[in-house]
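Peer 1: Sharing a structure below in C-alpha cells format, with a few things to ask.
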Amino acid sequence: MGLGIVMGVWDHIKNSGKFPTATNWALDWVGMLPGKREARRLVGDHILTQQDLMGLNPEFEDAVCIGGWNLDEHPPTGFEDPELPPYVSIKLPGVYNIPLRSLYSKNIRNLFMAGRNISATHTAFSSTRVMGTCAVEGQAIGTAAALCIQHNLPPRGLYEDKAKLKTLQQTLLRDDQSIRGLKNEDPLDLARKATVTASNERENCQAANVINGWVRALPGYDNQWAAPLGADGAWLELAWDTPQTIRQAHLTFDSGFQRELTLSSSDAANVDIVRAPQPETVKKYSVLYQTEDGEEWTELASVDDNHQRLRRHYFKAVSAKRVRIHVKETNGDPLARIFEARCYV
Ligand SMILES: Cc1cc2nc3c(=O)[nH]c(=O)nc-3n(C[C@H](O)[C@H](O)[C@H](O)COP(=O)(O)OP(=O)(O)OC[C@H]3O[C@@H](n4cnc5c(N)ncnc54)[C@H](O)[C@@H]3O)c2cc1C
C-alpha cells in the first residue's frame, strides 16, 4: 500500500500539470523498508503517562533525562482513515523528566530499554519517540548499565539503592545530561569549594554563577558568568584557601540554546538558526594555574578554535592555589560567557 501511495503522489506531481518545474524530474529511489512508529513497547516498573508529561503528577525521584516534544498523536490506521486528521498536537507546559523505572523491564531481570521501546502509554510515547529524546534515554541507560556492572546490581537494584541512584544522576549531569530540577552537587567537584572572581561581571551574570550548579538559562535568570571582552579578553578565577591537587578542568560554555536548532525546510523556522559555531560560544581561551607561593601563571590548556558547549581538559596533576580561565575570543558575541567550571583530582 505504501508503494501505491508513493506512485500515486509521483503521478500527481508529474502528470497533473500543476507542477511545471517537475517536468525534468526523475524518481530514482524509493525506500522499501516501511518505517513503523510503535513497533515494540515494553513494560517497566513505571509506565510513563500523559499526566506525567503534563506536570500533573509529583516529580520522579529517579529522573534521568528529559523530553519536550508536544504530544503528537497520529492515527494508527494512517492512510486507511483519510477522514481522521493526520495528527493531533497538544502543547506541553515545558520539558518533563523521564524516570529510570520506565527504562528497564519489570519482569526481565537484566533488560534496559531506550528509544521507541520504553515503558510509556500510547499518548506519552507520542512525545517521547522523537530522536533527541531517544538519544538522551540511551545516555541514561548506558551510564546506568556501567554503574550496574561496577556494583554488580540489576537495573532495579540501582533504583532501590538511593545513594547509587544519586551517583547515577550526578554522573549524568557531569556529562551534561539535562534533568529538570537537578543541579550539580558532585562532592568530588573541587570548584564548588572555591571563591570565584572575574575581570568583570555583567549585571545578573556574576562570576559565582559558574559554581551554582545550574548550566542552563532559566526565565529571568541567566545562570552564567558573562563579561565584556576587553582588549586583553576577560578572565574568571577560582581560588582556594589551601592548594588543591587538580588533574581535570571541565568547562561548560553557552551554545545559544535560546535559538531553536532544528532541521526544517520552513523559512519561518530557519530564520534565527545560525548554521555555524554559535556566536555565544567561547572560541579562544586558555586555562592557567598558580601555585601556593608563585605569582606566575602556568598554562594547563589552550584552545584556539572551540565551538563546543562542554570541554574537558586533562593534565598532569598540579597543586593549584588558583585556576584562571582566560577568554580571548568568542564566535562573534561581545561577551565572554561560561555556565559552569568544574575541577577534579
Ligand atoms: C516515518 C517516521 C517519521 C519520523 N519522523 C521523525 C522526526 O521528524 N523527528 C524525530 O525526532 N523523530 C521522528 N521519528 C521517530 C524516530 O525516528 C524514532 O522513534 C527513533 O528513530 C527510534 O529509534 P530507536 O533507536 O528506538 O529505534 P530504531 O531506529 O528503529 O532502531 C532499532 C534498530 O534495531 C535493529 N534491530 C531490530 N531487531 C534487531 C535484532 N533482532 N537484532 C539486531 N538488531 C535489530 C533495527 O534494524 C534498527 O536498526 C519518525 C519515525 C517514523 C517511523
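Naming scheme: A, B, ... for chains in displayed order of the C-alpha cells; residues 1 onward per chain; ligands 1 onward as shown.
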Taking the backbone alone, and naming residues the way the document does, which bits of segment 157-283 of chain A are strand (DSSP E or B) by DSSP, as a PyMOL selection string?

Peer 2: chain A and resi 195-198+202+205+218+221+225-228+230+233-253+282-283

Peer 1: Restricting the output to N, CA, C and O atoms, write the selected residues as a compact mmCIF listing (two decimals), in the first residue's frame.

Peer 2:
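Wrote it out as out_21.txt, contents follow:
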```txt
# COMPACT_ATOMS: atom_id res chain seq x y z
N THR A 195 36.43 30.16 45.83
CA THR A 195 35.89 31.52 45.75
C THR A 195 36.10 31.97 44.31
O THR A 195 37.19 31.80 43.76
N VAL A 196 35.06 32.53 43.71
CA VAL A 196 35.15 32.86 42.29
C VAL A 196 35.14 34.37 42.08
O VAL A 196 34.29 35.07 42.64
N THR A 197 36.10 34.83 41.32
CA THR A 197 36.14 36.25 40.96
C THR A 197 36.34 36.35 39.44
O THR A 197 36.61 35.35 38.78
N ALA A 198 36.25 37.58 38.91
CA ALA A 198 36.40 37.73 37.46
C ALA A 198 36.90 39.13 37.13
O ALA A 198 36.83 40.04 37.98
N ARG A 202 28.89 41.12 34.16
CA ARG A 202 27.70 41.80 33.65
C ARG A 202 26.61 41.66 34.71
O ARG A 202 26.59 40.66 35.45
N CYS A 205 24.92 38.38 35.95
CA CYS A 205 25.75 37.28 35.43
C CYS A 205 27.06 37.23 36.22
O CYS A 205 28.15 37.34 35.67
N LEU A 218 17.57 30.13 32.97
CA LEU A 218 16.18 29.91 33.37
C LEU A 218 15.46 31.24 33.18
O LEU A 218 16.11 32.29 33.16
N TYR A 221 16.74 34.47 34.74
CA TYR A 221 17.99 34.22 35.45
C TYR A 221 18.97 33.53 34.48
O TYR A 221 18.79 32.38 34.12
N TRP A 225 28.26 33.20 34.10
CA TRP A 225 29.13 34.37 34.21
C TRP A 225 29.20 34.98 32.81
O TRP A 225 29.37 34.26 31.81
N ALA A 226 29.06 36.30 32.73
CA ALA A 226 29.24 36.98 31.45
C ALA A 226 29.94 38.30 31.71
O ALA A 226 29.67 38.98 32.70
N ALA A 227 30.88 38.62 30.82
CA ALA A 227 31.64 39.88 30.97
C ALA A 227 32.07 40.35 29.59
O ALA A 227 32.35 39.54 28.71
N PRO A 228 32.10 41.69 29.40
CA PRO A 228 32.55 42.20 28.10
C PRO A 228 34.01 41.84 27.84
O PRO A 228 34.82 41.84 28.77
N GLY A 230 37.46 42.77 26.89
CA GLY A 230 38.28 43.96 26.71
C GLY A 230 39.40 43.68 25.73
O GLY A 230 39.41 42.64 25.06
N GLY A 233 40.83 40.48 26.45
CA GLY A 233 39.82 39.46 26.72
C GLY A 233 39.15 39.66 28.06
O GLY A 233 38.90 40.80 28.50
N ALA A 234 38.85 38.55 28.75
CA ALA A 234 38.22 38.59 30.07
C ALA A 234 38.65 37.33 30.80
O ALA A 234 38.96 36.33 30.17
N TRP A 235 38.69 37.38 32.14
CA TRP A 235 39.09 36.17 32.87
C TRP A 235 38.19 35.88 34.05
O TRP A 235 37.56 36.78 34.61
N LEU A 236 38.17 34.61 34.40
CA LEU A 236 37.41 34.09 35.53
C LEU A 236 38.38 33.30 36.39
O LEU A 236 39.20 32.55 35.85
N GLU A 237 38.29 33.46 37.73
CA GLU A 237 39.30 32.82 38.57
C GLU A 237 38.66 32.05 39.73
O GLU A 237 37.76 32.55 40.40
N LEU A 238 39.16 30.83 39.96
CA LEU A 238 38.76 30.03 41.11
C LEU A 238 39.93 30.04 42.09
O LEU A 238 41.06 29.78 41.68
N ALA A 239 39.67 30.35 43.36
CA ALA A 239 40.76 30.39 44.35
C ALA A 239 40.35 29.60 45.59
O ALA A 239 39.18 29.61 45.99
N TRP A 240 41.32 28.88 46.17
CA TRP A 240 41.06 28.06 47.35
C TRP A 240 41.90 28.55 48.53
O TRP A 240 43.02 29.06 48.32
N ASP A 241 41.42 28.33 49.76
CA ASP A 241 42.20 28.70 50.95
C ASP A 241 43.47 27.86 51.02
O ASP A 241 44.51 28.36 51.43
N THR A 242 43.34 26.57 50.68
CA THR A 242 44.52 25.71 50.65
C THR A 242 44.66 25.15 49.23
O THR A 242 43.65 24.93 48.56
N PRO A 243 45.90 24.90 48.78
CA PRO A 243 46.09 24.41 47.40
C PRO A 243 45.39 23.07 47.17
O PRO A 243 45.29 22.26 48.08
N GLN A 244 44.90 22.88 45.97
CA GLN A 244 44.16 21.67 45.60
C GLN A 244 44.94 20.92 44.53
O GLN A 244 45.49 21.53 43.61
N THR A 245 44.93 19.58 44.65
CA THR A 245 45.53 18.76 43.58
C THR A 245 44.50 18.61 42.47
O THR A 245 43.38 18.14 42.72
N ILE A 246 44.90 19.03 41.28
CA ILE A 246 43.93 19.06 40.16
C ILE A 246 44.53 18.39 38.93
O ILE A 246 45.68 18.65 38.57
N ARG A 247 43.73 17.52 38.32
CA ARG A 247 44.14 16.88 37.06
C ARG A 247 43.15 17.16 35.93
O ARG A 247 43.40 16.82 34.79
N GLN A 248 42.00 17.71 36.27
CA GLN A 248 40.97 17.92 35.24
C GLN A 248 40.28 19.26 35.45
O GLN A 248 39.98 19.62 36.59
N ALA A 249 39.99 19.93 34.34
CA ALA A 249 39.13 21.13 34.38
C ALA A 249 38.04 20.93 33.33
O ALA A 249 38.33 20.61 32.18
N HIS A 250 36.77 21.08 33.76
CA HIS A 250 35.64 20.93 32.84
C HIS A 250 34.96 22.29 32.70
O HIS A 250 34.65 22.92 33.72
N LEU A 251 34.71 22.69 31.48
CA LEU A 251 34.09 24.00 31.25
C LEU A 251 32.82 23.82 30.42
O LEU A 251 32.83 23.08 29.42
N THR A 252 31.74 24.48 30.84
CA THR A 252 30.50 24.44 30.05
C THR A 252 30.24 25.84 29.52
O THR A 252 30.03 26.78 30.30
N PHE A 253 30.27 25.97 28.21
CA PHE A 253 30.06 27.27 27.57
C PHE A 253 28.61 27.43 27.13
O PHE A 253 27.82 26.47 27.16
N VAL A 282 32.45 30.44 23.53
CA VAL A 282 33.85 30.90 23.60
C VAL A 282 34.67 30.15 22.55
O VAL A 282 34.58 28.93 22.43
N LYS A 283 35.47 30.90 21.80
CA LYS A 283 36.25 30.29 20.71
C LYS A 283 37.71 30.05 21.14
O LYS A 283 38.27 28.98 20.93
```

Peer 1: Against segment 146-167 of chain A, which residues of segment 22-106 of chain A fall within 10 Å? For each one I want the closest pair of atoms and the distance in Å (one decimal), counting only C-alpha atoms, rows by chain and increasing residue number, as a Markdown table.

Peer 2:
```
| residue | atom | partner | partner_atom | distance |
| --- | --- | --- | --- | --- |
| A:Gly44 | CA | A:Arg156 | CA | 9.8 |
| A:Asp45 | CA | A:Arg156 | CA | 8.3 |
| A:Glu61 | CA | A:Leu165 | CA | 8.9 |
| A:Asp62 | CA | A:Leu165 | CA | 6.9 |
| A:Ala63 | CA | A:Leu165 | CA | 9.4 |
| A:Val64 | CA | A:Leu165 | CA | 9.3 |
| A:Pro99 | CA | A:Tyr159 | CA | 9.6 |
| A:Leu100 | CA | A:Tyr159 | CA | 7.2 |
| A:Arg101 | CA | A:Tyr159 | CA | 7.3 |
| A:Leu103 | CA | A:Pro155 | CA | 9.0 |
| A:Tyr104 | CA | A:Pro155 | CA | 6.5 |
| A:Ser105 | CA | A:Pro155 | CA | 8.5 |
| A:Lys106 | CA | A:Arg156 | CA | 8.2 |
```

Peer 1: Just to be explicit: take each residue in the selection above, keep all heavy atoms, and write the result as an mmCIF file, in the first residue's frame.

Peer 2:
```
data_model
loop_
_atom_site.group_PDB
_atom_site.id
_atom_site.type_symbol
_atom_site.label_atom_id
_atom_site.label_comp_id
_atom_site.auth_asym_id
_atom_site.auth_seq_id
_atom_site.Cartn_x
_atom_site.Cartn_y
_atom_site.Cartn_z
ATOM 1 N N GLY A 44 7.844 -1.402 32.077
ATOM 2 C CA GLY A 44 8.838 -1.233 33.135
ATOM 3 C C GLY A 44 8.180 -1.106 34.499
ATOM 4 O O GLY A 44 6.954 -1.269 34.620
ATOM 5 N N ASP A 45 8.953 -0.770 35.506
ATOM 6 C CA ASP A 45 8.379 -0.568 36.848
ATOM 7 C C ASP A 45 7.464 0.648 36.858
ATOM 8 O O ASP A 45 6.604 0.780 37.719
ATOM 9 C CB ASP A 45 9.500 -0.410 37.887
ATOM 10 C CG ASP A 45 9.996 -1.764 38.378
ATOM 11 O OD1 ASP A 45 9.372 -2.792 38.020
ATOM 12 O OD2 ASP A 45 11.004 -1.806 39.102
ATOM 13 N N GLU A 61 11.665 10.759 41.657
ATOM 14 C CA GLU A 61 12.954 10.783 42.388
ATOM 15 C C GLU A 61 14.064 10.189 41.524
ATOM 16 O O GLU A 61 15.246 10.417 41.755
ATOM 17 C CB GLU A 61 12.833 9.983 43.691
ATOM 18 C CG GLU A 61 12.469 8.549 43.403
ATOM 19 C CD GLU A 61 12.434 7.606 44.586
ATOM 20 O OE1 GLU A 61 13.054 7.900 45.609
ATOM 21 O OE2 GLU A 61 11.773 6.564 44.457
ATOM 22 N N ASP A 62 13.675 9.385 40.514
ATOM 23 C CA ASP A 62 14.666 8.681 39.696
ATOM 24 C C ASP A 62 14.743 9.258 38.281
ATOM 25 O O ASP A 62 15.040 8.539 37.324
ATOM 26 C CB ASP A 62 14.345 7.185 39.642
ATOM 27 C CG ASP A 62 12.934 6.891 39.148
ATOM 28 O OD1 ASP A 62 12.036 7.729 39.373
ATOM 29 O OD2 ASP A 62 12.732 5.825 38.524
ATOM 30 N N ALA A 63 14.504 10.585 38.162
ATOM 31 C CA ALA A 63 14.584 11.224 36.839
ATOM 32 C C ALA A 63 16.003 11.109 36.290
ATOM 33 O O ALA A 63 16.974 11.344 37.008
ATOM 34 C CB ALA A 63 14.216 12.692 36.981
ATOM 35 N N VAL A 64 16.122 10.716 35.015
ATOM 36 C CA VAL A 64 17.460 10.553 34.432
ATOM 37 C C VAL A 64 17.626 11.272 33.089
ATOM 38 O O VAL A 64 18.735 11.335 32.554
ATOM 39 C CB VAL A 64 17.832 9.058 34.264
ATOM 40 C CG1 VAL A 64 18.145 8.429 35.617
ATOM 41 C CG2 VAL A 64 16.748 8.277 33.533
ATOM 42 N N PRO A 99 11.689 8.842 34.158
ATOM 43 C CA PRO A 99 12.329 8.112 35.273
ATOM 44 C C PRO A 99 13.077 6.873 34.787
ATOM 45 O O PRO A 99 12.711 6.272 33.769
ATOM 46 C CB PRO A 99 11.131 7.706 36.129
ATOM 47 C CG PRO A 99 10.012 7.526 35.159
ATOM 48 C CD PRO A 99 10.246 8.521 34.038
ATOM 49 N N LEU A 100 14.091 6.486 35.567
ATOM 50 C CA LEU A 100 14.833 5.252 35.271
ATOM 51 C C LEU A 100 13.875 4.067 35.179
ATOM 52 O O LEU A 100 14.046 3.175 34.349
ATOM 53 C CB LEU A 100 15.875 5.009 36.376
ATOM 54 C CG LEU A 100 16.776 3.781 36.199
ATOM 55 C CD1 LEU A 100 17.698 3.963 34.999
ATOM 56 C CD2 LEU A 100 17.586 3.511 37.454
ATOM 57 N N ARG A 101 12.829 4.076 36.027
ATOM 58 C CA ARG A 101 11.906 2.928 36.066
ATOM 59 C C ARG A 101 11.161 2.700 34.757
ATOM 60 O O ARG A 101 10.596 1.627 34.554
ATOM 61 C CB ARG A 101 10.897 3.100 37.212
ATOM 62 C CG ARG A 101 11.476 2.783 38.585
ATOM 63 C CD ARG A 101 10.580 3.277 39.675
ATOM 64 N NE ARG A 101 10.434 4.717 39.583
ATOM 65 C CZ ARG A 101 9.370 5.405 39.968
ATOM 66 N NH1 ARG A 101 8.339 4.788 40.501
ATOM 67 N NH2 ARG A 101 9.333 6.718 39.836
ATOM 68 N N LEU A 103 12.762 2.819 31.990
ATOM 69 C CA LEU A 103 13.828 2.433 31.060
ATOM 70 C C LEU A 103 14.403 1.052 31.382
ATOM 71 O O LEU A 103 15.448 0.689 30.863
ATOM 72 C CB LEU A 103 14.949 3.496 31.068
ATOM 73 C CG LEU A 103 14.509 4.950 30.805
ATOM 74 C CD1 LEU A 103 15.729 5.870 30.779
ATOM 75 C CD2 LEU A 103 13.746 5.074 29.495
ATOM 76 N N TYR A 104 13.755 0.307 32.299
ATOM 77 C CA TYR A 104 14.134 -1.107 32.466
ATOM 78 C C TYR A 104 12.871 -1.947 32.611
ATOM 79 O O TYR A 104 11.831 -1.459 33.028
ATOM 80 C CB TYR A 104 15.120 -1.318 33.629
ATOM 81 C CG TYR A 104 14.585 -1.011 35.014
ATOM 82 C CD1 TYR A 104 13.799 -1.938 35.713
ATOM 83 C CD2 TYR A 104 14.877 0.192 35.633
ATOM 84 C CE1 TYR A 104 13.321 -1.662 36.983
ATOM 85 C CE2 TYR A 104 14.401 0.483 36.911
ATOM 86 C CZ TYR A 104 13.617 -0.455 37.573
ATOM 87 O OH TYR A 104 13.126 -0.178 38.826
ATOM 88 N N SER A 105 13.015 -3.220 32.234
ATOM 89 C CA SER A 105 11.866 -4.118 32.220
ATOM 90 C C SER A 105 11.455 -4.505 33.630
ATOM 91 O O SER A 105 12.298 -4.669 34.518
ATOM 92 C CB SER A 105 12.238 -5.376 31.432
ATOM 93 O OG SER A 105 11.310 -6.401 31.702
ATOM 94 N N LYS A 106 10.132 -4.700 33.822
ATOM 95 C CA LYS A 106 9.690 -5.088 35.168
ATOM 96 C C LYS A 106 9.811 -6.595 35.379
ATOM 97 O O LYS A 106 9.812 -7.060 36.505
ATOM 98 C CB LYS A 106 8.264 -4.611 35.428
ATOM 99 C CG LYS A 106 7.170 -5.384 34.762
ATOM 100 C CD LYS A 106 5.831 -4.962 35.359
ATOM 101 C CE LYS A 106 4.726 -5.908 34.869
ATOM 102 N NZ LYS A 106 3.435 -5.563 35.422
#
```

Peer 1: Would you pick out the contacts of Arg311 of chain A at 12 Å or less, using only C-alpha atoms, so that residues sharing its chain but fewer than 5 positions from it are not included, and give the list as a tab-separated table (two decimals) with C-alpha atoms, in the first residue's frame?

Peer 2:
```tsv
chain	number	residue	atom	x	y	z
A	174	ARG	CA	28.61	15.82	34.86
A	175	ASP	CA	28.30	14.55	31.26
A	176	ASP	CA	25.93	17.48	30.52
A	248	GLN	CA	40.97	17.92	35.24
A	249	ALA	CA	39.13	21.13	34.38
A	250	HIS	CA	35.64	20.93	32.84
A	251	LEU	CA	34.09	24.00	31.25
A	252	THR	CA	30.50	24.44	30.05
A	253	PHE	CA	30.06	27.27	27.57
A	254	ASP	CA	26.93	28.91	26.21
A	281	THR	CA	30.31	30.09	22.46
A	282	VAL	CA	33.85	30.90	23.60
A	283	LYS	CA	36.25	30.29	20.71
A	285	TYR	CA	40.76	30.52	25.68
A	286	SER	CA	43.41	29.14	27.98
A	287	VAL	CA	43.34	27.52	31.42
A	301	ALA	CA	45.45	24.02	28.36
A	302	SER	CA	44.91	26.28	25.41
A	303	VAL	CA	42.23	26.16	22.71
A	305	ASP	CA	39.00	27.17	17.67
A	306	ASN	CA	36.31	25.92	20.02
A	338	ILE	CA	30.65	30.46	30.95
A	339	PHE	CA	27.86	28.41	32.54
A	340	GLU	CA	29.97	26.13	34.69
A	341	ALA	CA	33.56	25.41	35.72
A	342	ARG	CA	34.45	22.13	37.46
A	343	CYS	CA	37.80	20.84	38.75
```

Peer 1: Ligand 1: which residues are within 10 Å, counting only C-alpha atoms and all ligand atoms? Reply as number ranges by chain.

Peer 2: A: 34-41, 69, 113-118, 125-135, 137-138, 262-264

Peer 1: What's the separation between atom CA of Gln206 of chain A and atom CA of Lys183 of chain A, in Å to one decimal place?

Peer 2: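 Taking atom CA of Gln206 of chain A as the start and atom CA of Lys183 of chain A as the end point, the length is 17.7 Å.
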
Peer 1: Thr330 of chain A: which residues within 8 Å, counting only C-alpha atoms, same-chain residues fewer than 3 positions away excluded, as a ChimeraX atom specification?

Peer 2: /A:279-284,327,333-336

Peer 1: Once you have the residues from the selection above, write them out as an mmCIF file, in the first residue's frame, restricted to N, CA and C atoms.

Peer 2:
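In the end it all went to out_25.cif:
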```cif
data_model
loop_
_atom_site.group_PDB
_atom_site.id
_atom_site.type_symbol
_atom_site.label_atom_id
_atom_site.label_comp_id
_atom_site.auth_asym_id
_atom_site.auth_seq_id
_atom_site.Cartn_x
_atom_site.Cartn_y
_atom_site.Cartn_z
ATOM 1 N N PRO A 279 27.388 32.096 18.109
ATOM 2 C CA PRO A 279 28.141 33.300 18.470
ATOM 3 C C PRO A 279 28.501 33.377 19.954
ATOM 4 N N GLU A 280 27.622 32.878 20.840
ATOM 5 C CA GLU A 280 27.857 32.997 22.289
ATOM 6 C C GLU A 280 28.981 32.077 22.779
ATOM 7 N N THR A 281 29.348 31.083 21.990
ATOM 8 C CA THR A 281 30.313 30.088 22.464
ATOM 9 C C THR A 281 31.731 30.658 22.430
ATOM 10 N N VAL A 282 32.453 30.441 23.532
ATOM 11 C CA VAL A 282 33.847 30.902 23.601
ATOM 12 C C VAL A 282 34.670 30.154 22.549
ATOM 13 N N LYS A 283 35.473 30.895 21.796
ATOM 14 C CA LYS A 283 36.254 30.293 20.713
ATOM 15 C C LYS A 283 37.714 30.045 21.142
ATOM 16 N N LYS A 284 38.305 31.068 21.739
ATOM 17 C CA LYS A 284 39.732 31.003 22.049
ATOM 18 C C LYS A 284 39.919 31.266 23.544
ATOM 19 N N VAL A 327 39.542 34.060 28.697
ATOM 20 C CA VAL A 327 38.786 34.036 27.434
ATOM 21 C C VAL A 327 39.339 35.125 26.530
ATOM 22 N N ASP A 333 30.025 36.878 19.689
ATOM 23 C CA ASP A 333 29.351 37.664 20.717
ATOM 24 C C ASP A 333 30.348 38.583 21.443
ATOM 25 N N PRO A 334 29.924 39.790 21.829
ATOM 26 C CA PRO A 334 30.864 40.682 22.539
ATOM 27 C C PRO A 334 31.119 40.276 23.995
ATOM 28 N N LEU A 335 30.364 39.303 24.531
ATOM 29 C CA LEU A 335 30.535 38.898 25.928
ATOM 30 C C LEU A 335 31.200 37.536 26.034
ATOM 31 N N ALA A 336 32.121 37.398 26.998
ATOM 32 C CA ALA A 336 32.631 36.073 27.384
ATOM 33 C C ALA A 336 31.565 35.448 28.274
#
```

Peer 1: Using only C-alpha atoms, which of A:Val271, A:Asp52, A:Leu3, A:Lys18 sits nearest Val30 of chain A?

Peer 2: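 Checking each of A:Val271, A:Asp52, A:Leu3, A:Lys18 against Val30 of chain A, counting only C-alpha atoms, the winner is A:Leu3.
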
Peer 1: Using only C-alpha atoms, determine which residues lie at most 8 Å from Lys14 of chain A, disregarding the query and same-chain residues fewer than 5 positions distant; provide the list as a PyMOL selection string.

Peer 2: chain A and resi 19+22-23

Peer 1: Out of A:Pro187, A:Pro86, A:Gly94, A:Pro20, which residue has the shortest atom-to-atom distance to Ile66 of chain A when counting only C-alpha atoms?

Peer 2: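 The shortest atom-to-atom distance to Ile66 of chain A comes from A:Gly94.
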
Peer 1: What is the distance between atom CA of Gln278 of chain A and atom CA of Gly181 of chain A, in Å to one decimal?

Peer 2: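 Pair atom CA of Gln278 of chain A / atom CA of Gly181 of chain A returns 25.7 Å.
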
Peer 1: Give me every alpha helix (DSSP H) residue in segment 18-168 of chain A, going by DSSP on the backbone, as a ChimeraX atom specification.

Peer 2: /A:50-53,122-128,131-151,155-160,162-168

Peer 1: Nearest to His122 of chain A: which of A:Arg259, A:Lys316, A:His74, A:Lys91 is it, counting only C-alpha atoms?

Peer 2: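 Under the stated criterion, the closest residue is A:His74.
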
Peer 1: Would you mind reading off the distance between atom CA of Trp25 of chain A and atom CA of Trp10 of chain A, one decimal, in Å?

Peer 2: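 Computing it gives 10.1 Å between the two atoms.
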
Peer 1: Which of these, A:Leu92, A:Ile325, A:Ile141, A:Leu182, has the shortest distance to Val210 of chain A once you count only C-alpha atoms?

Peer 2: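 Looking only at the distances to Val210 of chain A, the closest residue turns out to be A:Ile325.
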